[in-house]
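Asker: Right, I'll just put the structure down here and ask away after.
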Amino acid sequence: MKAIVVGAGVVGSSVAYRLAQAGADVTVVEERRPGGGTSSVTYAWVNACEKLTSEAYFRLNFAGRQAHEAILAEFPGANWYHRPGVLQWQDAEAEAGGRDGSDPMAKLEQLVAWGYPAEVLGLDDVRRLEPEINPEAIGSAPVIHYPRDGWLDPVPYSGALIGAARERHGASLLEARAARLMLAGNRCGGVVLEDGRTIEADVVVNCAGRWLNDIVPAPEYRIPLAPTLGIVAYTPPAGAPLRSALRTPLINMRPDGGGRFLLRSNELDRLLADDQGALPGHPLAQELMRRAARTVPALKNVPVEAVRIATRPIPQDSYSAVGPVPGLSNYYAVVTHSGVTLGAFLGEAVADELVHGRSRDELSAFRPSRFFN
Ligand SMILES: Cc1cc2nc3c(=O)[nH]c(=O)nc-3n(C[C@H](O)[C@H](O)[C@H](O)COP(=O)(O)OP(=O)(O)OC[C@H]3O[C@@H](n4cnc5c(N)ncnc54)[C@H](O)[C@@H]3O)c2cc1C
């Protein structure tokens with residue numbers, strides 16, 4: 001089978017690696033660099049504990065977490081998956097079920113029932129684990145600890161998987177922009193590159209993330225997306241000995257290598273009007289830094305070093321869309337939020353479906369067909 005994978009983010013690199021490993025003749029078409037899209041601007045928490053909107057979605061993300069653990073055995077010495085644990089707390093209002101209606105203890109109960117490693121910590125335990133956290137930032141909220149959670153470095157991950165797809169399994173990487181799918185009636189025969197060259201294939205797997213629909217010339221084959229913007233601020237090396245990732249009402253923050261910290265907030269993301277002005281002086285980046293210092297006072301005099309803004313690839317109903325698009329043969333789309341969590345699993349599942357002809361149950365609720373009549 002000759003396959004084209006468009007996009008080498010955390011999703012496309014996983015798909016390309018597994019397809020090539022399964023025996024497909026793979027060409028990856030990437031216009032930037034592996035991991036150079038949204039995968040380079042992300043919190044990258046590999047988790048299923050924030051995916052409780054449906055059991056199927058929880059299970060899918062749980063499989064994602066397991067696949068990231070499993071794939072490490074194929075990459076001795078890989079250092080892209082960090083699992084020091086994640087601490088989560090909410091403010092008093094949310095705790096009472098007021099603001100977002102969620103009840104942390106009910107959530108914990110559900111997670112434990114579904115086999116997710118999670119526990120409640122008292123303030124003393126938090127202090128022992130992470131002495132740098134300001135107890136006032138926590139207040140009286142219960143703290144949930146996910147002792148085996150952590151984050152991925154998606155760019156080294158994508159680079160390593162593309163490297164392995166090429167070196168171990170003969171895939172090729174074409175540094176070029178795919179202009180559009182090559183359509184003949186209701187069949188996709190390959191892609192047309194921006195420079196006019198064409199590449200033919202038995203199947204095109206579209207992993208272009210937020211740019212998914214840009215290469216789909218016929219509107220009837222486009223998956224409706226509802227993308228959102230996210231802003232991430234980075235500190236310089238700061239020397240504050242925080243090990244865990246934090247998910248709190250003020251801020252989500254975690255170490256980002258070399259003593260740096262990565263800062264973001266869902267609440268502040270909602271205030272972003274556009275993706276312009278990604279510079280340290282950006283008012284939302286400055287607010288992230290203030291919030292980080294309130295949470296970890298050792299960061300009080302640390303400036304913002306860099307800022308990035310990205311667009312999340314999110315299908316319209318917020319769930320993953322993975323599979324064929326009705327009416328168009330030889331075409332397979334893979335677009336999802338939580339692509340970091342899901343990448344390694346999606347690689348396996350797509351190879352199973354396309355090369356081995358084994359349909360994966362975990363994906364049955366997440367087919368693109370739900371968007372088409
Ligand atoms: C602020 C923020 C926080 C997030 N937090 C988390 C989190 O904690 N956990 C989690 O799991 N997920 C998180 N996400 C989501 C996650 O980052 C994305 O779902 C994931 O990175 C998407 O990966 P992808 O490979 O689908 O897309 P991308 O990484 O964007 O990759 C697509 C690739 O396709 C290439 N491409 C596009 N069009 C073309 C073309 N025409 N020709 C050639 N190449 C093309 C691009 O250059 C790019 O490299 C977050 C996202 C943001 C923005």
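We label chains A, B, ... in the order they appear in the structure tokens, count residues from 1 in each chain, and number ligands from 1 in the order shown.
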Applying 12 Å and only C-alpha atoms, which residues near A:Ser364 remain after dropping the ones on its own chain fewer than 2 positions away? List them as a ChimeraX atom specification.
Answerer: /A:56-57,59-60,319-324,349,353,359-362,366-370
Asker: Hey, what's within 9 Å of A:Arg222 if we count only C-alpha atoms and toss same-chain stuff fewer than 6 positions away? As a list of chain:residue names, please?
Answerer: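 Near A:Arg222, the qualifying residues are A:Leu212, A:Asn213, A:Asp214, A:Val216, A:Val325.
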Asker: If you keep C-alpha atoms, can you produce a file of those selected residues as a compact mmCIF listing (two decimals), in the first residue's frame?
Answerer:
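Result written to again01.txt:
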# COMPACT_ATOMS: atom_id res chain seq x y z
CA LEU A 212 -7.15 19.93 7.66
CA ASN A 213 -9.74 21.43 5.34
CA ASP A 214 -7.34 23.72 3.45
CA VAL A 216 -9.87 19.50 0.63
CA VAL A 325 -15.09 10.64 4.95
Asker: Write out, as JSON lines, each residue of chain A that has an atom at most 7 Å from ligand 1, together with the closest pair of atoms and their distance in Å to one decimal, counting only C-alpha atoms and all ligand atoms, rows going by chain and rising number.
Answerer:
{"residue": "A:Val6", "atom": "CA", "partner": "ligand 1", "partner_atom_place_in_ligand_line": "44 (N)", "distance": 5.5}
{"residue": "A:Gly7", "atom": "CA", "partner": "ligand 1", "partner_atom_place_in_ligand_line": "34 (O)", "distance": 3.2}
{"residue": "A:Ala8", "atom": "CA", "partner": "ligand 1", "partner_atom_place_in_ligand_line": "49 (O)", "distance": 4.9}
{"residue": "A:Gly9", "atom": "CA", "partner": "ligand 1", "partner_atom_place_in_ligand_line": "25 (O)", "distance": 3.3}
{"residue": "A:Val10", "atom": "CA", "partner": "ligand 1", "partner_atom_place_in_ligand_line": "25 (O)", "distance": 4.2}
{"residue": "A:Val11", "atom": "CA", "partner": "ligand 1", "partner_atom_place_in_ligand_line": "25 (O)", "distance": 3.8}
{"residue": "A:Gly12", "atom": "CA", "partner": "ligand 1", "partner_atom_place_in_ligand_line": "25 (O)", "distance": 5.3}
{"residue": "A:Val29", "atom": "CA", "partner": "ligand 1", "partner_atom_place_in_ligand_line": "43 (C)", "distance": 5.1}
{"residue": "A:Glu30", "atom": "CA", "partner": "ligand 1", "partner_atom_place_in_ligand_line": "44 (N)", "distance": 3.6}
{"residue": "A:Glu31", "atom": "CA", "partner": "ligand 1", "partner_atom_place_in_ligand_line": "43 (C)", "distance": 4.0}
{"residue": "A:Arg32", "atom": "CA", "partner": "ligand 1", "partner_atom_place_in_ligand_line": "47 (O)", "distance": 4.5}
{"residue": "A:Arg33", "atom": "CA", "partner": "ligand 1", "partner_atom_place_in_ligand_line": "49 (O)", "distance": 5.9}
{"residue": "A:Pro34", "atom": "CA", "partner": "ligand 1", "partner_atom_place_in_ligand_line": "49 (O)", "distance": 5.6}
{"residue": "A:Gly35", "atom": "CA", "partner": "ligand 1", "partner_atom_place_in_ligand_line": "49 (O)", "distance": 5.2}
{"residue": "A:Gly36", "atom": "CA", "partner": "ligand 1", "partner_atom_place_in_ligand_line": "49 (O)", "distance": 4.6}
{"residue": "A:Gly37", "atom": "CA", "partner": "ligand 1", "partner_atom_place_in_ligand_line": "30 (O)", "distance": 3.7}
{"residue": "A:Thr38", "atom": "CA", "partner": "ligand 1", "partner_atom_place_in_ligand_line": "30 (O)", "distance": 3.8}
{"residue": "A:Ser39", "atom": "CA", "partner": "ligand 1", "partner_atom_place_in_ligand_line": "21 (O)", "distance": 3.3}
{"residue": "A:Ser40", "atom": "CA", "partner": "ligand 1", "partner_atom_place_in_ligand_line": "29 (O)", "distance": 6.6}
{"residue": "A:Val41", "atom": "CA", "partner": "ligand 1", "partner_atom_place_in_ligand_line": "53 (C)", "distance": 5.6}
{"residue": "A:Thr42", "atom": "CA", "partner": "ligand 1", "partner_atom_place_in_ligand_line": "3 (C)", "distance": 3.8}
{"residue": "A:Tyr43", "atom": "CA", "partner": "ligand 1", "partner_atom_place_in_ligand_line": "5 (N)", "distance": 3.9}
{"residue": "A:Ala44", "atom": "CA", "partner": "ligand 1", "partner_atom_place_in_ligand_line": "7 (C)", "distance": 3.8}
{"residue": "A:Trp45", "atom": "CA", "partner": "ligand 1", "partner_atom_place_in_ligand_line": "8 (O)", "distance": 3.7}
{"residue": "A:Val46", "atom": "CA", "partner": "ligand 1", "partner_atom_place_in_ligand_line": "11 (O)", "distance": 5.4}
{"residue": "A:Asn47", "atom": "CA", "partner": "ligand 1", "partner_atom_place_in_ligand_line": "9 (N)", "distance": 6.9}
{"residue": "A:Ala176", "atom": "CA", "partner": "ligand 1", "partner_atom_place_in_ligand_line": "43 (C)", "distance": 5.9}
{"residue": "A:Arg177", "atom": "CA", "partner": "ligand 1", "partner_atom_place_in_ligand_line": "42 (N)", "distance": 3.6}
{"residue": "A:Ala178", "atom": "CA", "partner": "ligand 1", "partner_atom_place_in_ligand_line": "42 (N)", "distance": 3.8}
{"residue": "A:Ala179", "atom": "CA", "partner": "ligand 1", "partner_atom_place_in_ligand_line": "41 (N)", "distance": 5.5}
{"residue": "A:Cys207", "atom": "CA", "partner": "ligand 1", "partner_atom_place_in_ligand_line": "26 (O)", "distance": 5.7}
{"residue": "A:Ala208", "atom": "CA", "partner": "ligand 1", "partner_atom_place_in_ligand_line": "34 (O)", "distance": 3.6}
{"residue": "A:Gly209", "atom": "CA", "partner": "ligand 1", "partner_atom_place_in_ligand_line": "27 (O)", "distance": 3.7}
{"residue": "A:Arg210", "atom": "CA", "partner": "ligand 1", "partner_atom_place_in_ligand_line": "30 (O)", "distance": 5.9}
{"residue": "A:Trp211", "atom": "CA", "partner": "ligand 1", "partner_atom_place_in_ligand_line": "38 (N)", "distance": 4.8}
{"residue": "A:Leu212", "atom": "CA", "partner": "ligand 1", "partner_atom_place_in_ligand_line": "38 (N)", "distance": 6.5}
{"residue": "A:Asp214", "atom": "CA", "partner": "ligand 1", "partner_atom_place_in_ligand_line": "41 (N)", "distance": 6.6}
{"residue": "A:Ile215", "atom": "CA", "partner": "ligand 1", "partner_atom_place_in_ligand_line": "41 (N)", "distance": 5.8}
{"residue": "A:Leu229", "atom": "CA", "partner": "ligand 1", "partner_atom_place_in_ligand_line": "53 (C)", "distance": 6.3}
{"residue": "A:Gly230", "atom": "CA", "partner": "ligand 1", "partner_atom_place_in_ligand_line": "1 (C)", "distance": 4.0}
{"residue": "A:Ile231", "atom": "CA", "partner": "ligand 1", "partner_atom_place_in_ligand_line": "1 (C)", "distance": 5.5}
{"residue": "A:Val232", "atom": "CA", "partner": "ligand 1", "partner_atom_place_in_ligand_line": "1 (C)", "distance": 5.9}
{"residue": "A:Arg264", "atom": "CA", "partner": "ligand 1", "partner_atom_place_in_ligand_line": "1 (C)", "distance": 6.8}
{"residue": "A:Ala310", "atom": "CA", "partner": "ligand 1", "partner_atom_place_in_ligand_line": "53 (C)", "distance": 4.8}
{"residue": "A:Thr311", "atom": "CA", "partner": "ligand 1", "partner_atom_place_in_ligand_line": "53 (C)", "distance": 5.3}
{"residue": "A:Arg312", "atom": "CA", "partner": "ligand 1", "partner_atom_place_in_ligand_line": "53 (C)", "distance": 4.7}
{"residue": "A:Pro313", "atom": "CA", "partner": "ligand 1", "partner_atom_place_in_ligand_line": "19 (O)", "distance": 5.9}
{"residue": "A:Val335", "atom": "CA", "partner": "ligand 1", "partner_atom_place_in_ligand_line": "26 (O)", "distance": 5.6}
{"residue": "A:Thr336", "atom": "CA", "partner": "ligand 1", "partner_atom_place_in_ligand_line": "19 (O)", "distance": 5.5}
{"residue": "A:His337", "atom": "CA", "partner": "ligand 1", "partner_atom_place_in_ligand_line": "19 (O)", "distance": 3.8}
{"residue": "A:Ser338", "atom": "CA", "partner": "ligand 1", "partner_atom_place_in_ligand_line": "11 (O)", "distance": 3.2}
{"residue": "A:Gly339", "atom": "CA", "partner": "ligand 1", "partner_atom_place_in_ligand_line": "19 (O)", "distance": 3.4}
{"residue": "A:Val340", "atom": "CA", "partner": "ligand 1", "partner_atom_place_in_ligand_line": "11 (O)", "distance": 3.7}
{"residue": "A:Thr341", "atom": "CA", "partner": "ligand 1", "partner_atom_place_in_ligand_line": "11 (O)", "distance": 3.8}
{"residue": "A:Leu342", "atom": "CA", "partner": "ligand 1", "partner_atom_place_in_ligand_line": "11 (O)", "distance": 6.5}
Asker: Those residues you just picked out, can you put them in a file as a PDB file, in the first residue's frame with C-alpha atoms?
Answerer:
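Output saved as result_21.pdb:
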ATOM      1  CA  VAL A   6      -0.071  15.090   5.211  1.00  0.00           C
ATOM      2  CA  GLY A   7       1.337  16.726   8.360  1.00  0.00           C
ATOM      3  CA  ALA A   8       4.046  15.580  10.765  1.00  0.00           C
ATOM      4  CA  GLY A   9       2.707  16.897  14.060  1.00  0.00           C
ATOM      5  CA  VAL A  10       2.269  14.632  17.047  1.00  0.00           C
ATOM      6  CA  VAL A  11      -0.600  12.922  15.198  1.00  0.00           C
ATOM      7  CA  GLY A  12       0.881  12.639  11.680  1.00  0.00           C
ATOM      8  CA  VAL A  29       4.341  15.745   3.279  1.00  0.00           C
ATOM      9  CA  GLU A  30       5.171  18.479   5.812  1.00  0.00           C
ATOM     10  CA  GLU A  31       5.427  22.156   4.977  1.00  0.00           C
ATOM     11  CA  ARG A  32       7.098  23.327   8.198  1.00  0.00           C
ATOM     12  CA  ARG A  33       9.028  20.739  10.215  1.00  0.00           C
ATOM     13  CA  PRO A  34       8.042  17.738  12.336  1.00  0.00           C
ATOM     14  CA  GLY A  35       6.132  19.040  15.341  1.00  0.00           C
ATOM     15  CA  GLY A  36       6.202  22.591  13.989  1.00  0.00           C
ATOM     16  CA  GLY A  37       2.421  23.221  14.022  1.00  0.00           C
ATOM     17  CA  THR A  38       0.102  23.301  17.040  1.00  0.00           C
ATOM     18  CA  SER A  39       2.165  20.480  18.564  1.00  0.00           C
ATOM     19  CA  SER A  40       4.881  23.020  19.362  1.00  0.00           C
ATOM     20  CA  VAL A  41       2.503  25.280  21.350  1.00  0.00           C
ATOM     21  CA  THR A  42       0.671  23.104  23.815  1.00  0.00           C
ATOM     22  CA  TYR A  43       0.417  22.209  27.467  1.00  0.00           C
ATOM     23  CA  ALA A  44       0.850  18.566  26.370  1.00  0.00           C
ATOM     24  CA  TRP A  45      -0.665  16.961  29.478  1.00  0.00           C
ATOM     25  CA  VAL A  46      -1.186  13.313  28.570  1.00  0.00           C
ATOM     26  CA  ASN A  47      -4.386  12.512  30.411  1.00  0.00           C
ATOM     27  CA  ALA A 176       6.641  20.719   0.821  1.00  0.00           C
ATOM     28  CA  ARG A 177       3.158  22.130   1.062  1.00  0.00           C
ATOM     29  CA  ALA A 178       0.300  19.959  -0.118  1.00  0.00           C
ATOM     30  CA  ALA A 179      -1.945  22.320  -2.085  1.00  0.00           C
ATOM     31  CA  CYS A 207      -3.179  14.814   9.634  1.00  0.00           C
ATOM     32  CA  ALA A 208      -2.870  18.536   8.879  1.00  0.00           C
ATOM     33  CA  GLY A 209      -4.419  19.558  12.216  1.00  0.00           C
ATOM     34  CA  ARG A 210      -6.076  22.974  12.141  1.00  0.00           C
ATOM     35  CA  TRP A 211      -5.256  23.168   8.413  1.00  0.00           C
ATOM     36  CA  LEU A 212      -7.149  19.930   7.660  1.00  0.00           C
ATOM     37  CA  ASP A 214      -7.341  23.719   3.450  1.00  0.00           C
ATOM     38  CA  ILE A 215      -6.353  20.852   1.151  1.00  0.00           C
ATOM     39  CA  LEU A 229      -6.875  30.041  20.256  1.00  0.00           C
ATOM     40  CA  GLY A 230      -4.426  29.368  23.069  1.00  0.00           C
ATOM     41  CA  ILE A 231      -1.600  31.517  24.439  1.00  0.00           C
ATOM     42  CA  VAL A 232       1.428  30.020  26.134  1.00  0.00           C
ATOM     43  CA  ARG A 264      -1.209  28.992  30.368  1.00  0.00           C
ATOM     44  CA  ALA A 310      -1.646  28.576  18.479  1.00  0.00           C
ATOM     45  CA  THR A 311      -4.966  27.339  17.160  1.00  0.00           C
ATOM     46  CA  ARG A 312      -6.380  24.076  18.449  1.00  0.00           C
ATOM     47  CA  PRO A 313      -7.725  21.702  15.792  1.00  0.00           C
ATOM     48  CA  VAL A 335      -8.274  15.499  13.418  1.00  0.00           C
ATOM     49  CA  THR A 336      -8.637  15.997  17.128  1.00  0.00           C
ATOM     50  CA  HIS A 337      -8.150  18.128  20.156  1.00  0.00           C
ATOM     51  CA  SER A 338      -5.977  16.346  22.766  1.00  0.00           C
ATOM     52  CA  GLY A 339      -3.804  15.205  19.904  1.00  0.00           C
ATOM     53  CA  VAL A 340      -0.848  14.989  22.268  1.00  0.00           C
ATOM     54  CA  THR A 341      -2.633  12.505  24.510  1.00  0.00           C
ATOM     55  CA  LEU A 342      -4.013  10.569  21.559  1.00  0.00           C
TER      56      LEU A 342
END
Asker: Could you give me, as a PyMOL selection string, the residues within 9 Å of stretch 156-165 of chain A, counting only C-alpha atoms and dropping anything in the same chain fewer than 4 positions from it?
Answerer: chain A and resi 8-14+16-21+26+28+33-35+39+75+78-81+152+169-173
Asker: Mind checking DSSP for stretch 81-267 of chain A and telling me the helix (DSSP H, G or I) residues as a ChimeraX atom specification?
Answerer: /A:92-95,104-113,123-129,135-138,154-169,209-215,219-221,266-267
Asker: Expressed in Å to a single decimal, how great is the separation between atom CA of A:Tyr332 and atom CA of A:Asp275?
Answerer: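 Taking atom CA of A:Tyr332 and atom CA of A:Asp275, their separation equals 29.2 Å.
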Asker: Near A:Glu50, within 12 Å and counting only C-alpha atoms, which residues show up once chain neighbours fewer than 2 positions away are dropped, as a PyMOL selection string?
Answerer: chain A and resi 45-48+52-55+57-59+61-62+86+88+102+104+107-108+110-111+116+146+149+247+338+341
Asker: Hey, what does DSSP flag as strand (DSSP E) within stretch 171-260 of chain A? Can you give it to me as an NGL selection string?
Answerer: :A and (172-175 or 178-184 or 187-193 or 198-200 or 203-206 or 228-234 or 245-247 or 252-255)
Asker: Contacts of stretch 292-307 of chain A at 6 Å or less, counting only C-alpha atoms, minus same-chain residues fewer than 3 places along, as an MDAnalysis selection string?
Answerer: chainID A and resid 132:134 137 232:236 240 278:280 289
